[in-house]
Each structure stands twice: as structure tokens, then as C-alpha cells.
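Student: Encoded as C-alpha cells, here's the structure I'll be asking about.
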Amino acid sequence: MLRRSLLLSWKLIILASVLSACGGAGRAINNDTDNYKKVTLSLRHTQIKETNRIRLRILEDVLAKTESENDWITFKLEGIDEIVNRDTKLKQEMVVGNPPDIFEVFGGADLQLYVKAGRMLDLTDILQELDLVDKFESLEEFIIDGRIYGIPHGGYSEGIFYNKLIFNKLGLDIPRTWDELLDAAEKLKAAGYTPFGLAAKDAWVAGMIWNVIMERHVGIEAFYGLVTGETKWTDPAFIRGFQAYAELIEREAFTKEALSLTYADQGTQLAYGKAAMVYTGSWDAHYFATSHSHVTREGIGFFLFPSIPGGEGDQQSINASFSNGVGFSSQLSEDQIEAVKLFIANYFTEDIQKRALQEGKLLPSFKLEDMSGVTPLMNEILTEMSNASGNWPAYDAIVQPVVGAQIGISLQELIGGVSSPEKVARDIQEVQDRANAALNQFTLESGPSPNIE
């Protein structure tokens, strides 16, 4: 179901040798300013980190172009931390019905709640009018009941970034099985290195490597079954997944002070040679490829998480998806919607997608053939993606947000040694049961849910 055109497209991308410059995003829009009143659109973004400065500049260029071509449009920018936006501010705004006009939104489970509450603008007709629907790798995580409610501005993949210099120094090969990974971790520890850099003060960070371990054990369809009740966190396969994660903790494969470190500290452990590996997403490739550290740009590599023999999941698959996107308020006026069309037409083009890839190291959500200017590290990521047997979205795009929050808390408890695999499974299942019941009771007629979480 999930493993559709993404990997095939990456294979074509890697093999492509013909450069193209297609520009444009479909048919032109009527820019007759006499037809519209002056409008202002609030736009919230999360590109506030130093490593995201280039991506913000690209967005600002698009806004400036749209305003210069249409003097009746004004954009009002607001930058905010991604976690604050997703977990707190946007949820609160959705409850009372006053989100920004344009905002970054996470597809999947988050979006389903907002659509049910009637807060999201239906973009289906707009994307068809602009001839954009078929240009994307996948719109799957933004489609609810056959309608499109968001637009992915880029893709991501997760895997293991590693220090090639350390691996070469110790004569280590890339581990392709769970046992090989454990063996490599022991050798790295013996040589004085932290096997996996981890900064788990932000709970979601601890969930990344846990997610792939669990997928290897249970398979992605089991995650979907949690929401319908067909599977439970307390099932034997899920317990084995928690136990495997706990094994890495017991073997001291993670940074000892992980619970006191913020996400920003995780990448520096790899970049400065303290940790030999970090499991994270392609969004960190820009930092690893450009940081002024003790590791050269060519000193960081990328590989898929190893297979786990006996696991029920796809052992050669990758967590890769298009969950991060742009949404629009359902409360927009007709003139604001016309302005939104112009913004979309300028933002979702092949030229902008190429800039985001080449300058911002963001995997394109468009089906691109011209991949010139890609850094060696990004090329490794794309190659590993093309060699993967399938792809699947992160757990927090599947289970309800409140369940995702409990997963983070439970993993921190495992890392801190104050809980067990069996107990965290029970704790998460209790929250899952309540979330499933609430979702089943919720209807559009009841208005916005009092617990959009």
C-alpha cells in the first residue's frame, strides 16, 4: 500500500544523466489585480535554525516574487520552533479555530484530526487547476477520504550516518545484520567511542531508531493495526521490539548522558568524532556536509539500518516519506484563496525543488530527473534509498499524537532504567485504547474536538 512510486523514482533519479530545466508549475493564473482586493496572508514556518537558513531564504524568495508580481498580496511571516508548532501552538489554534492562513503541517495522524475538525482547506481542485497533482512523488499522507489537504514541500529518509574515518581506523565494515551491529558497537566501545550518539531530552529523537527496530520486528502494517485494534503494543512481536531497543541501552550503545542532551547535541557527537554513528533523518545531511568540524565533508557516510533475522517486517526497507508539508486554513476568503493559488504556483516548481535539494539538502517532493550539483553525502542517501526494498512513514504519522507522546515518555523511561519493555508496552496500549475510543466517537457534527492531540 505504501510502497508505491517513491523507490522507483529514486532509482530513475540516480540513473538519470539528462539535464532538464522545465520551470513553471502548470498553467498561468489570471493576475488581473483589478479583480481582487488587497489581502494579507499570515505564514508560519519552522525554518528558524542556523542549518535551515538556506531553506528560509528560498521561501522568502518565493514570497518576494509573488508579492512583486501581485501588488495586492502581502505575506506576514512568523518563525517558530518545529516541535512547539506541532505539539503545542498549532494544536491549540486548531481547537479554537484560528490557525495561521498558511502553516507547516505534518501529514498523517495529525492532519486527520484537523480535517475532521474542519480546519483545513481542501486543495484538490486547486492542485488540479495548477496541473500539479502528478508532479509529486507522493501525496498519500495528505489525502483524507480521497481529497488533498496539504502539500509536501520535501521528502526525508532515515538511516545511520557514520564516521568513515573511525570505521576505517578500526577496520569495521558496514553492519548489515543485527548481530553485526552489536559486534561493531562492542568494538567501538572498546576503542573509546560511543557507538550511537543520542540526545534524548527531546523525546521524539529517542523514537527514531526505536521506530526502525520495531518495524523490523513487526512490519509496518502492524502499526496501522494499532489504530484499528487489530494489533496491540502488548503483542509478542512488539514486546520483542522493545526488548531489542532495551538491549542497545543495556549494552551502553547510546550516549550515557543522552537524557540531558537536546537534539542539537546529537549531530555534534558524530561531527566531532565522539560518536561513530547517529541514527537520524536526511534533514541533518546539510549539517554533516557543511559543518566545520574534525570530520571532512567526505568523512560522513550513510547506510540503511541492518536486518533483524526472524523479524516480521521488510528487512531491507527504509523509513522514507513526505510527511512535512504546507497547509492552509479553511477560513480563507475567496480573494485569499486566489492569492494562495499564486503562492502555490511559485513555490511548487521544479526550479524551487532543485534549489532546495542543491542548496538546502532537502529531498525533493517532486519527481525530478536533473540531480546535478548533489553532494557526495546526499548521493549516498539517494543511492541507499534506491537500493531499499520498500518505504514506510514514521510511527507518529500513523498513531494518534497522544500515543506518540506516550511512546516518547516510555522510551525515556527505558533509557533511564526506570521501566521495562513489558511495562512500557502496557502503558502505551492503555493510551492507545483511549485514543482509539475517542477517535471512533468523534464526528464532524460535534465540531472541533476538545482533545486535538
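The way I read the labels, and the way they are meant: chains A, B, ... in the order of the C-alpha cells, residue 1 as the first residue of every chain, and ligand 1 as the first ligand shown, with later ones counted on from there.
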I want to know what sits within 6 Å of range 303-319 of chain A, based on only C-alpha atoms, with residues of the same chain fewer than 3 positions away left out; could you give that as number ranges by chain?
Tutor: A: 157-160, 176-178, 215-219, 388-393
Student: Using DSSP assignments from the backbone, pull out every residue in range 268-433 of chain A that falls under helix (DSSP H, G or I) and give it to me as a ChimeraX atom specification.
Tutor: /A:268-271,282-290,297-299,334-347,350-358,376-387,395-397,401-416,421-433
Student: Run DSSP on the backbone of this structure and report the residues of range 82-245 of chain A it assigns to strand (DSSP E or B), as a PDB file with C-alpha atoms, in the first residue's frame.
Tutor:
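Saved file states.pdb follows:
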```pdb
ATOM      1  CA  ILE A 102      -0.599  29.263   5.740  1.00  0.00           C
ATOM      2  CA  PHE A 103       1.364  26.953   8.019  1.00  0.00           C
ATOM      3  CA  GLU A 104       3.686  23.978   8.088  1.00  0.00           C
ATOM      4  CA  VAL A 105       1.792  20.816   8.983  1.00  0.00           C
ATOM      5  CA  PHE A 106       2.638  17.164   9.496  1.00  0.00           C
ATOM      6  CA  MET A 120      -8.040  22.518   6.620  1.00  0.00           C
ATOM      7  CA  PHE A 136       4.693  14.830  -6.746  1.00  0.00           C
ATOM      8  CA  ILE A 143      -5.047  12.676   1.310  1.00  0.00           C
ATOM      9  CA  ILE A 144      -8.085  12.123   3.536  1.00  0.00           C
ATOM     10  CA  ARG A 147      -9.280  14.758  -1.009  1.00  0.00           C
ATOM     11  CA  ILE A 148      -5.962  16.626  -0.679  1.00  0.00           C
ATOM     12  CA  ILE A 151       1.268  19.784   0.015  1.00  0.00           C
ATOM     13  CA  PRO A 152       4.619  18.143   0.853  1.00  0.00           C
ATOM     14  CA  GLY A 155      10.859  14.360   1.488  1.00  0.00           C
ATOM     15  CA  TYR A 156      13.019  12.666   4.068  1.00  0.00           C
ATOM     16  CA  SER A 157      14.644   9.339   4.746  1.00  0.00           C
ATOM     17  CA  GLU A 158      16.117   7.999   7.960  1.00  0.00           C
ATOM     18  CA  GLY A 159      19.148   5.826   8.397  1.00  0.00           C
ATOM     19  CA  ILE A 160      22.547   5.568  10.034  1.00  0.00           C
ATOM     20  CA  PHE A 161      25.043   8.354   9.419  1.00  0.00           C
ATOM     21  CA  TYR A 162      28.523   7.148  10.320  1.00  0.00           C
ATOM     22  CA  ASN A 163      32.070   8.399  10.664  1.00  0.00           C
ATOM     23  CA  THR A 177      22.596  -7.609  10.318  1.00  0.00           C
ATOM     24  CA  THR A 194      30.251   5.982  21.699  1.00  0.00           C
ATOM     25  CA  PRO A 195      28.608   3.617  19.186  1.00  0.00           C
ATOM     26  CA  PHE A 196      25.425   5.700  18.728  1.00  0.00           C
TER      27      PHE A 196
END
```
Student: With only C-alpha atoms counted and 10 Å as the cut-off, give the residues of range 256-306 of chain A in contact with range 358-365 of chain A, each with its shortest interatomic distance in Å and the pair that gives it, as CSV.
Tutor:
```
residue,atom,partner,partner_atom,distance
A:Ser282,CA,A:Leu362,CA,7.5
A:Trp283,CA,A:Leu362,CA,6.4
A:Asp284,CA,A:Lys361,CA,8.5
A:Ala285,CA,A:Lys361,CA,6.5
A:His286,CA,A:Lys361,CA,5.4
A:Tyr287,CA,A:Lys361,CA,9.1
A:Ala289,CA,A:Lys361,CA,8.9
```
Student: So what do you get for CA of Ile415 in chain A versus CA of Ala276 in chain A, distance-wise?
Tutor: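 A separation of 19.4 Å between them.
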